[in-house]
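Each remark here refers to the structure printed beneath this line.
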Amino acid sequence: MQLRIRGSSTANALTPRAHHIHSHSHSHSLSLSLSHPHSPPQWFSILRHAIEASDLPLGKRAHARILTSGHHPERFLTNNLITMYAKCGSLSSARKLFDATPHDARDLVTWNAILAAYAQADNPYDGLHLFRLLRHSALSTTRHTLAPVLKMCLLSGSSFASASLHGYALKIGLLWDVFVAGALVNIYSKFGRIREARLLFDGMAVRDVVLWNLMMKAYVDTCLEHEALLLFSEFHRTGLRPDDVTLRTLARVGMSRNTAFESQLKQLRAYATKLFIRNGDDSDVIAWNKTLSRCLQRGEAWEAVNCFRDMIKSSVACDSLTFVVMLSVVASLNCLELGKQIHGAVMRRELDQVVSVGNSLINMYVKAGSVSRARSVFGQMNEVDLISWNTMISGSALNGLEECSIGFFVDLLRDGLLPDQFTIASVLRACSSLEQGCHLATQIHTYAMKAGVVLDSFVSTTLIDVYSKSGRTEEAEVLFVNQDDLASWNAMMHGYIMRDDFHKALRLYKILHESGERGDGITVANAAKAAGGLVGLEQGRQIHAVVVKRGFNLDLFVISGVLDMYLKCGEVESASRVFTEIPSPDDVAWTTMISGCVENGQEDHALSTYHQMRLSRVQPDEYTFATLVKACSLLTALEQGRQIHANIVKLNCAFDPFVMTSLVDMYAKCGNIEDARGLFRRMNTKRIASWNAMIVGLAQHGNAEEALQFFKDMKSRGVTPDRVTFIGVLSACSHSGLISEAYENFYSMQKNYGIEPGIEHYSCLVDALSRAGQLLEAEKVISSMPFEASASMYRTLLNACRVQVDKETGKRVAEKLLTLEPSDSAAYVLLSNVYAAANQWENVVSARNMMRKVNVKKDPGFSWVDLKNKVHLFVAGDRSHEETGLIYNKLEYVMKRIREEGYVPDTEFALVDVEEEDKECSLYYHSEKLAIAYGLIKTPPSTTLRVIKNLRVCGDCHSAIKYISKVFKREIVLRDANRFHHFGSGICSCGDYW
DNA sequence: ATAGGGTTAG
């Protein structure tokens with residue numbers, strides 16, 4: 001029995017010679033176990049049975065009965081129990097038993113057993129630690145100790161540990177053991193240290209076939225074909241008989257392009273084939289299948305293909321398992337042609353009616369992207385099982401055929417089959433990519449409950465994903481409770497991110513961290529995204545550090561997330577640094593970089609990055625183009641836009657609704673309404689955003705009738721307008737003085753479409769009334785709406801008073817505007833213009849004088865600044881900050897300094913020319929000034945300040961910040977609700993257009 | 001032989 005244990009653990013460590021060990025050890029095991037004096041023999045046979053069947057519960061029951069039988073298990077039985085736990089996959093129980101065994105009760109076999117357990121469980125670090133403890137004890141070791149230890153060296157990838165083991169083996173005289181030497185040769189060659197392997201090999205006095213094989217394989221693996229051939233000749237001269245491993249190793253010589261040894265290779269192949277036939281008995285189908293599946297497990301797919309070719313050439317008949325394995329190999333290679341060839345081979349051998357083979361064919365075809373071929377295999381099977389159905393369901397979903405996937409699910413139910421967790425998870429996957437899939441998912445949820453698989457972690461994770469995607473976060477949260485599966489955590493994090501709840505997402509990340517779990521690349525990518533959403537640069541940097549430390553920066557998914565985080569924080573330079581360190585960026589990484597430039601107002605940089613992308617021969621996709629077109633639109637760069645358009649057509653992206661919509665928008669914003677119209681007409685799928693771009697574009701160009709015509713067409717085609725549509729419609733009305741239409745739409749929006757008017761809609765209405773001269777009516781609308789009036793509304797109205805020469809209303813409106821915006825020069829300028837139009841020059845002068853006395857007072861709205869990882873938030877006239885005195889003093893000083901430099905609170909030009917953009921202007925101005933003042937106090941000179949504002953920056957603040965950047969020599973990055981503004985040396989990256 | 005979570009856009 002003891003030998004059996006050792007034997008099998010050795011077999012695990014030195015896989016190439018597995019068959020040797022089994023044949024040597026078996027006879028000993030029986031005689032020993034039966035003749036052992038102290039333990040009742042039935043325990044051993046039960047334990048052996050548990051090991052063979054991998055039956056952990058049986059083993060545990062046996063252990064329990066041994067304990068309850070009153071006898072403390074002595075050493076021999078304990079060793080067997082440890083082995084049983086190891087073989088049945090419970091490393092923790094094995095270790096518990098080992099720890100419970102007193103030190104003086106442990107013998108070498110105990111140690112070997114626990115070491116073998118760690119080797120088998122692929123847990124090299126803890127196992128190697130145990131080995132260090134063993135070395136400190138007085139026990140002397142044998143090859144059976146070294147075998148698992150060497151395997152763990154291989155697993156741990158530690159060449160240092162292997163070198164020290166080499167020395168240790170030499171010291172205790174075990175290096176001359178072919179088992180030990182073979183393992184070392186194998187390790188050295190796996191670490192690429194082939195010369196050390198050869199040195200060891202050459203030093204061996206006795207070498208067996210396995211050792212030769214290992215050395216030859218080392219050469220073949222490293223493409224040292226000439227050395228492999230030389231070694232083979234040497235081997236041949238020893239007269240040792242080559243085995244099938246030798247032959248298969250040789251068969252791989254010549255796979256590389258190197259043709260220098262063509263004739264030698266031919267000889268070798270002929271020789272190998274002859275030997276294969278002679279070795280017929282050794283190379284039966286089972287051995288071949290074993291080799292194939294070993295290749296599959298190691299991910300060496302092409303090696304498996306080559307091996308399969310050799311197998312076909314030999315006289316061995318492939319069986320169904322051969323094809324199951326090979327089809328799995330091909331599925332991983334995603335190679336349709338090869339798959340078809342193997343399908344042909346299956347048909348010739350009439351194995352297509354074996355269910356497992358049929359299922360493998362289906363799987364291979366769906367993985368290769370051919371659902372139709374999979375379906376035809378499915379249809380031709382006489383007998384199908386649940387796996388066949390599941391593969392069709394998941395395969396259809398995988399290939400974007402969601403309806404088809406759901407169809408299979410329905411058919412399955414109709415056939416009276418009970419879905420299992422695979423079925424449910426697969427069909428839910430289809431729902432999750434379906435736009436209206438949530439309702440369906442709810443139904444499938446009830447099926448999952450009926451089938452009792454809701455607690456399955458795959459099922460619940462997919463449900464969390466589906467519910468999050470459709471905004472039903474609460475339902476997702478319910479499912480997430482008690483989930484201990486990392487994928488669920490990731491899905492939940494992503495769910496929060498999708499609804500912009502970045503705080504909650506980061507909280508999950510923190511909880512995970514604090515519980516000792518580190519998460520994986522996806523976790524960290526999610527965390528980066530959340531940090532980006534919060535513009536939390538410090539947190540983002542920490543996450544970036546984790547990414548680098550754990551090697552996730554090689555994962556394009558993850559590093560693109562980090563890139564995006566920096567860009568969302570306005571850190572274009574950091575992003576560029578990260579980007580240049582990506583070995584070969586893909587389309588997404590490039591697009592992230594380009595879109596980040598656009599978001600940060602560096603449209604030129606975006607376009608030049610695009611040209612680099614073309615040079616690097618990465619194909620842009622529809623995301624890239626949508627972004628680029630936006631850049632052109634912001635730059636009003638019609639020519640560049642046209643060139644990009646040509647690229648879009650050339651690269652077949654002219655069918656994507658996103659791209660086309662942004663093109664329509666670009667042409668319209670660039671003033672080329674004809675091309676916008678033409679493009680729009682030719683669009684196949686017109687989404688709501690496409691219509692909106694057209695309607696808003698036409699309205700902006702004052703082409704109201706046509707805008708309303710488009711609106712009509714849109715409705716008649718069954719497209720439901722949204723709030724953006726009505727902004728376009730109402731602004732179109734206002735531009736053409738269509739008051740009754742404006743009212744009509746304003747009410748129809750609520751009554752027929754259930755859209756509550758926002759402040760933008762009211763703005764349009766007020767604008768329309770003002771322009772039409774209905775000043776009192778406009779005032780009435782303002783006072784009746786459920787919002788605080790915005791300053792821009794009053795400004796519009798005041799301007800209308802000037803045009804209408806209505807100084808009574810004008811005065812009233814100016815007063816209201818001034819209570820809202822005491823420091824807003826616009827009010828004074830407009831008011832003075834009203835008086836000027838009425839020829840009341842004294843009042844003009846007094847209005848101008850009032851303006852000069854302006855002080856900064858109320859400042860609701862909020863802005864925040866992130867200093868030393870703490871967010872400082874400022875709201876209207878905020879005096880709650882602990883350093884408020886300092887801040888206000890600084891601000892006074894700042895305003896004084898910039899006035900000296902020429903700052904005038906706003907300019908007259910900006911005031912009389914009130915355009916659409918101004919309507920969304922912040923109701924509360926100066927929170928950003930407070931934030932900047934605090935930033936100036938708290939950071940050393942020339943540090944870049946980053947301020948974020950919840951609303952759009954207004955003209956006055958914009959102008960002030962330009963001066964601040966000049967006077968105080970600071971880069972100031974302001975992110976407002978709309979875009980980034982990079983201020984420096986008195987100018988802003990937006991070119992004063994936003 | 002079958003199932004889950006991730007990066008870019010209007």
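Residues are named by chain letter and number: chains run A, B, ... in the order of the structure tokens, numbers start at 1 in each chain, and ligands are numbered from 1 in the order shown.
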Within 9 Å of stretch 1-7 of chain B, counting only C-alpha atoms (C1' of nucleotides), which residues show up once you throw out same-chain ones fewer than 2 positions away? Write them as a PyMOL selection string, please.
-> chain A and resi 324-325+328+355-363+386-392+394+421-426+429+457-462+465+486-492+494+521-523+525-526+556-562+564+588-589+592
Would you please give, as a compact mmCIF listing (two decimals) with all heavy atoms, in the first residue's frame, all residues of stretch 281-326 of chain A that DSSP assigns to helix (DSSP H, G or I) based on the backbone?
```
# COMPACT_ATOMS: atom_id res chain seq x y z
N VAL A 285 -5.22 3.38 -29.62
CA VAL A 285 -6.04 4.58 -29.71
C VAL A 285 -6.12 5.31 -28.37
O VAL A 285 -6.15 6.54 -28.30
CB VAL A 285 -7.44 4.24 -30.28
CG1 VAL A 285 -8.21 3.33 -29.33
CG2 VAL A 285 -8.23 5.50 -30.55
N ILE A 286 -6.12 4.54 -27.27
CA ILE A 286 -6.22 5.19 -25.96
C ILE A 286 -5.03 6.09 -25.70
O ILE A 286 -5.17 7.24 -25.24
CB ILE A 286 -6.36 4.12 -24.86
CG1 ILE A 286 -7.70 3.39 -25.06
CG2 ILE A 286 -6.30 4.75 -23.47
CD1 ILE A 286 -7.88 2.18 -24.19
N ALA A 287 -3.84 5.58 -26.04
CA ALA A 287 -2.63 6.38 -25.84
C ALA A 287 -2.67 7.64 -26.69
O ALA A 287 -2.32 8.74 -26.23
CB ALA A 287 -1.40 5.56 -26.19
N TRP A 288 -3.10 7.49 -27.94
CA TRP A 288 -3.21 8.67 -28.82
C TRP A 288 -4.18 9.68 -28.23
O TRP A 288 -3.89 10.88 -28.16
CB TRP A 288 -3.72 8.25 -30.20
CG TRP A 288 -2.65 7.70 -31.11
CD1 TRP A 288 -2.41 6.39 -31.37
CD2 TRP A 288 -1.71 8.45 -31.87
NE1 TRP A 288 -1.38 6.26 -32.25
CE2 TRP A 288 -0.92 7.51 -32.58
CE3 TRP A 288 -1.42 9.81 -32.02
CZ2 TRP A 288 0.11 7.89 -33.43
CZ3 TRP A 288 -0.41 10.18 -32.87
CH2 TRP A 288 0.36 9.24 -33.56
N ASN A 289 -5.33 9.18 -27.82
CA ASN A 289 -6.33 10.10 -27.26
C ASN A 289 -5.80 10.84 -26.04
O ASN A 289 -6.06 12.03 -25.86
CB ASN A 289 -7.59 9.33 -26.87
CG ASN A 289 -8.37 8.87 -28.09
OD1 ASN A 289 -8.08 9.30 -29.20
ND2 ASN A 289 -9.32 7.98 -27.88
N LYS A 290 -5.04 10.10 -25.24
CA LYS A 290 -4.45 10.71 -24.05
C LYS A 290 -3.55 11.88 -24.46
O LYS A 290 -3.61 12.95 -23.86
CB LYS A 290 -3.63 9.67 -23.29
CG LYS A 290 -4.18 9.31 -21.95
CD LYS A 290 -3.13 8.50 -21.22
CE LYS A 290 -3.78 7.52 -20.28
NZ LYS A 290 -2.87 6.41 -19.94
N THR A 291 -2.71 11.60 -25.45
CA THR A 291 -1.79 12.65 -25.89
C THR A 291 -2.56 13.85 -26.41
O THR A 291 -2.24 15.00 -26.11
CB THR A 291 -0.88 12.10 -27.00
OG1 THR A 291 -0.37 10.86 -26.57
CG2 THR A 291 0.25 13.07 -27.29
N LEU A 292 -3.59 13.56 -27.21
CA LEU A 292 -4.40 14.65 -27.77
C LEU A 292 -5.02 15.49 -26.66
O LEU A 292 -4.95 16.72 -26.69
CB LEU A 292 -5.51 14.08 -28.66
CG LEU A 292 -5.11 13.52 -30.01
CD1 LEU A 292 -6.32 12.95 -30.72
CD2 LEU A 292 -4.47 14.61 -30.86
N SER A 293 -5.59 14.82 -25.66
CA SER A 293 -6.30 15.60 -24.65
C SER A 293 -5.30 16.35 -23.77
O SER A 293 -5.62 17.40 -23.23
CB SER A 293 -7.25 14.75 -23.83
OG SER A 293 -6.54 13.84 -23.07
N ARG A 294 -4.08 15.80 -23.64
CA ARG A 294 -3.07 16.53 -22.89
C ARG A 294 -2.72 17.84 -23.62
O ARG A 294 -2.57 18.89 -23.01
CB ARG A 294 -1.83 15.68 -22.71
CG ARG A 294 -1.06 16.03 -21.47
CD ARG A 294 0.19 15.18 -21.32
NE ARG A 294 -0.08 13.76 -21.28
CZ ARG A 294 0.66 12.84 -21.91
NH1 ARG A 294 1.70 13.22 -22.65
NH2 ARG A 294 0.37 11.58 -21.81
N CYS A 295 -2.60 17.73 -24.94
CA CYS A 295 -2.34 18.94 -25.73
C CYS A 295 -3.46 19.96 -25.52
O CYS A 295 -3.22 21.15 -25.34
CB CYS A 295 -2.25 18.62 -27.21
SG CYS A 295 -0.83 17.65 -27.67
N LEU A 296 -4.69 19.46 -25.55
CA LEU A 296 -5.85 20.35 -25.40
C LEU A 296 -5.81 21.06 -24.04
O LEU A 296 -6.00 22.27 -23.96
CB LEU A 296 -7.13 19.53 -25.53
CG LEU A 296 -8.44 20.29 -25.30
CD1 LEU A 296 -8.63 21.35 -26.36
CD2 LEU A 296 -9.63 19.34 -25.30
N GLN A 297 -5.51 20.28 -23.00
CA GLN A 297 -5.48 20.87 -21.66
C GLN A 297 -4.41 21.93 -21.54
O GLN A 297 -4.60 22.93 -20.86
CB GLN A 297 -5.23 19.78 -20.63
CG GLN A 297 -6.50 19.15 -20.14
CD GLN A 297 -6.23 17.99 -19.21
OE1 GLN A 297 -5.07 17.71 -18.89
NE2 GLN A 297 -7.28 17.32 -18.80
N ARG A 298 -3.30 21.70 -22.19
CA ARG A 298 -2.21 22.66 -22.08
C ARG A 298 -2.40 23.83 -23.04
O ARG A 298 -1.58 24.73 -23.09
CB ARG A 298 -0.89 21.99 -22.44
CG ARG A 298 -0.42 21.01 -21.42
CD ARG A 298 1.01 20.65 -21.72
NE ARG A 298 1.35 19.40 -21.09
CZ ARG A 298 2.02 18.43 -21.69
NH1 ARG A 298 2.40 18.57 -22.96
NH2 ARG A 298 2.32 17.34 -21.05
N ALA A 301 -2.91 23.82 -29.09
CA ALA A 301 -3.88 23.32 -30.06
C ALA A 301 -3.22 22.83 -31.35
O ALA A 301 -3.58 21.77 -31.88
CB ALA A 301 -4.90 24.42 -30.37
N TRP A 302 -2.26 23.60 -31.84
CA TRP A 302 -1.67 23.18 -33.12
C TRP A 302 -0.87 21.91 -32.98
O TRP A 302 -0.79 21.09 -33.89
CB TRP A 302 -0.82 24.30 -33.72
CG TRP A 302 -1.68 25.37 -34.28
CD1 TRP A 302 -1.85 26.62 -33.80
CD2 TRP A 302 -2.55 25.25 -35.42
NE1 TRP A 302 -2.77 27.30 -34.56
CE2 TRP A 302 -3.21 26.49 -35.56
CE3 TRP A 302 -2.83 24.22 -36.32
CZ2 TRP A 302 -4.13 26.73 -36.57
CZ3 TRP A 302 -3.75 24.46 -37.33
CH2 TRP A 302 -4.40 25.70 -37.45
N GLU A 303 -0.28 21.72 -31.79
CA GLU A 303 0.43 20.48 -31.53
C GLU A 303 -0.55 19.31 -31.62
O GLU A 303 -0.23 18.26 -32.16
CB GLU A 303 1.07 20.55 -30.14
CG GLU A 303 2.16 19.54 -29.96
CD GLU A 303 3.04 19.89 -28.79
OE1 GLU A 303 3.23 21.09 -28.55
OE2 GLU A 303 3.53 18.99 -28.13
N ALA A 304 -1.76 19.53 -31.08
CA ALA A 304 -2.79 18.50 -31.16
C ALA A 304 -3.15 18.20 -32.61
O ALA A 304 -3.31 17.04 -33.00
CB ALA A 304 -4.03 18.94 -30.38
N VAL A 305 -3.25 19.25 -33.41
CA VAL A 305 -3.61 19.04 -34.82
C VAL A 305 -2.53 18.20 -35.51
O VAL A 305 -2.84 17.24 -36.24
CB VAL A 305 -3.78 20.40 -35.53
CG1 VAL A 305 -3.97 20.21 -37.02
CG2 VAL A 305 -4.96 21.17 -34.95
N ASN A 306 -1.27 18.54 -35.25
CA ASN A 306 -0.19 17.76 -35.86
C ASN A 306 -0.21 16.32 -35.41
O ASN A 306 -0.03 15.39 -36.21
CB ASN A 306 1.17 18.38 -35.49
CG ASN A 306 1.33 19.72 -36.18
OD1 ASN A 306 0.81 19.91 -37.28
ND2 ASN A 306 2.03 20.62 -35.54
N CYS A 307 -0.45 16.15 -34.11
CA CYS A 307 -0.51 14.81 -33.56
C CYS A 307 -1.65 14.03 -34.21
O CYS A 307 -1.50 12.85 -34.55
CB CYS A 307 -0.73 14.93 -32.06
SG CYS A 307 -0.66 13.39 -31.19
N PHE A 308 -2.77 14.72 -34.43
CA PHE A 308 -3.93 14.08 -35.07
C PHE A 308 -3.57 13.64 -36.49
O PHE A 308 -3.93 12.54 -36.93
CB PHE A 308 -5.10 15.06 -35.07
CG PHE A 308 -6.34 14.53 -35.73
CD1 PHE A 308 -7.06 13.49 -35.16
CD2 PHE A 308 -6.79 15.07 -36.94
CE1 PHE A 308 -8.21 12.99 -35.77
CE2 PHE A 308 -7.94 14.59 -37.55
CZ PHE A 308 -8.64 13.54 -36.96
N ARG A 309 -2.83 14.48 -37.20
CA ARG A 309 -2.42 14.12 -38.57
C ARG A 309 -1.58 12.84 -38.54
O ARG A 309 -1.77 11.94 -39.36
CB ARG A 309 -1.62 15.26 -39.18
CG ARG A 309 -2.47 16.48 -39.43
CD ARG A 309 -1.99 17.25 -40.66
NE ARG A 309 -3.00 18.26 -41.00
CZ ARG A 309 -2.85 19.57 -40.77
NH1 ARG A 309 -1.71 20.02 -40.27
NH2 ARG A 309 -3.81 20.41 -41.08
N ASP A 310 -0.64 12.78 -37.58
CA ASP A 310 0.19 11.59 -37.46
C ASP A 310 -0.66 10.37 -37.16
O ASP A 310 -0.42 9.28 -37.66
CB ASP A 310 1.23 11.77 -36.34
CG ASP A 310 2.25 12.83 -36.72
OD1 ASP A 310 2.47 13.04 -37.93
OD2 ASP A 310 2.79 13.46 -35.81
N MET A 311 -1.65 10.60 -36.34
CA MET A 311 -2.53 9.50 -35.94
C MET A 311 -3.26 8.94 -37.16
O MET A 311 -3.38 7.72 -37.33
CB MET A 311 -3.52 10.02 -34.91
CG MET A 311 -4.40 8.96 -34.31
SD MET A 311 -5.46 9.68 -33.06
CE MET A 311 -6.41 8.27 -32.58
N ILE A 312 -3.75 9.87 -38.01
CA ILE A 312 -4.44 9.43 -39.23
C ILE A 312 -3.49 8.61 -40.11
O ILE A 312 -3.86 7.58 -40.67
CB ILE A 312 -4.94 10.66 -40.02
CG1 ILE A 312 -5.93 11.46 -39.18
CG2 ILE A 312 -5.54 10.26 -41.36
CD1 ILE A 312 -7.32 10.92 -39.15
N LYS A 313 -2.23 9.10 -40.17
CA LYS A 313 -1.24 8.40 -41.01
C LYS A 313 -0.94 7.01 -40.48
O LYS A 313 -0.65 6.10 -41.23
CB LYS A 313 0.05 9.22 -41.07
CG LYS A 313 0.10 10.18 -42.26
CD LYS A 313 1.45 10.85 -42.33
CE LYS A 313 1.30 12.34 -42.18
NZ LYS A 313 2.48 12.98 -41.61
N SER A 320 -14.68 7.69 -31.16
CA SER A 320 -15.50 8.89 -30.94
C SER A 320 -14.79 9.88 -30.02
O SER A 320 -14.86 11.09 -30.23
CB SER A 320 -16.85 8.50 -30.36
OG SER A 320 -16.67 7.75 -29.20
N LEU A 321 -14.05 9.36 -29.03
CA LEU A 321 -13.37 10.27 -28.12
C LEU A 321 -12.32 11.10 -28.86
O LEU A 321 -12.17 12.31 -28.59
CB LEU A 321 -12.71 9.48 -26.98
CG LEU A 321 -12.11 10.35 -25.89
CD1 LEU A 321 -13.17 11.17 -25.20
CD2 LEU A 321 -11.32 9.52 -24.89
N THR A 322 -11.63 10.47 -29.81
CA THR A 322 -10.66 11.20 -30.61
C THR A 322 -11.31 12.43 -31.22
O THR A 322 -10.75 13.54 -31.19
CB THR A 322 -10.14 10.32 -31.76
OG1 THR A 322 -9.84 9.02 -31.26
CG2 THR A 322 -8.92 10.94 -32.41
N PHE A 323 -12.51 12.24 -31.76
CA PHE A 323 -13.16 13.36 -32.43
C PHE A 323 -13.71 14.38 -31.45
O PHE A 323 -13.69 15.57 -31.72
CB PHE A 323 -14.24 12.84 -33.37
CG PHE A 323 -13.64 12.23 -34.61
CD1 PHE A 323 -13.61 10.85 -34.78
CD2 PHE A 323 -13.05 13.03 -35.57
CE1 PHE A 323 -13.02 10.30 -35.89
CE2 PHE A 323 -12.44 12.48 -36.68
CZ PHE A 323 -12.44 11.11 -36.85
N VAL A 324 -14.19 13.88 -30.32
CA VAL A 324 -14.67 14.83 -29.31
C VAL A 324 -13.53 15.76 -28.92
O VAL A 324 -13.68 16.99 -28.89
CB VAL A 324 -15.21 14.08 -28.07
CG1 VAL A 324 -15.43 15.04 -26.91
CG2 VAL A 324 -16.52 13.38 -28.41
N VAL A 325 -12.36 15.18 -28.68
CA VAL A 325 -11.21 15.99 -28.29
C VAL A 325 -10.80 16.92 -29.44
O VAL A 325 -10.60 18.11 -29.25
CB VAL A 325 -10.03 15.11 -27.85
CG1 VAL A 325 -8.81 15.96 -27.57
CG2 VAL A 325 -10.40 14.30 -26.63
N MET A 326 -10.68 16.36 -30.63
CA MET A 326 -10.21 17.16 -31.75
C MET A 326 -11.18 18.30 -32.09
O MET A 326 -10.76 19.39 -32.44
CB MET A 326 -10.01 16.28 -32.99
CG MET A 326 -8.67 15.59 -33.04
SD MET A 326 -7.30 16.63 -32.48
CE MET A 326 -7.23 17.83 -33.78
```
Do you have the atom CA of A:Glu571-atom CA of A:Leu512 distance handy?
->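 Those two atoms sit 27.6 Å apart.
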Of A:Ile114, A:Ile172, A:Leu338, A:Val664, the one nearest to chain B when counting only C-alpha atoms (C1' of nucleotides) is A:Val664
A:Ala800, A:Arg642, A:Leu463, A:Ala626: which is nearest B:DT8, counting only C-alpha atoms (C1' of nucleotides)?
->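 The closest residue to B:DT8 is A:Ala626.
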Residues within 9 Å of A:His445, only C-alpha atoms (C1' of nucleotides), excluding chain neighbours under 4 positions, as a PyMOL selection string | chain A and resi 424+428+440-441+449-450+454+463
Cut-off 12 Å: closest stretch 541-599 of chain A/stretch 951-974 of chain A atom pairs per residue, using only C-alpha atoms, as CSV:
```
residue,atom,partner,partner_atom,distance
A:Lys568,CA,A:Val973,CA,11.7
A:Cys569,CA,A:Val973,CA,9.5
A:Gly570,CA,A:Val973,CA,7.2
A:Glu571,CA,A:Val973,CA,9.4
A:Val572,CA,A:Val973,CA,11.0
A:Glu599,CA,A:Leu974,CA,11.8
```
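Separating atom CA of A:Ile898 from atom CA of A:Lys929 is a distance of 12.4 Å.
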What is the atom CA of A:Tyr610-atom CA of A:Gly641 distance in Å, reported with one decimal?
->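 Taking atom CA of A:Tyr610 as the start and atom CA of A:Gly641 as the end point, the length is 12.7 Å.
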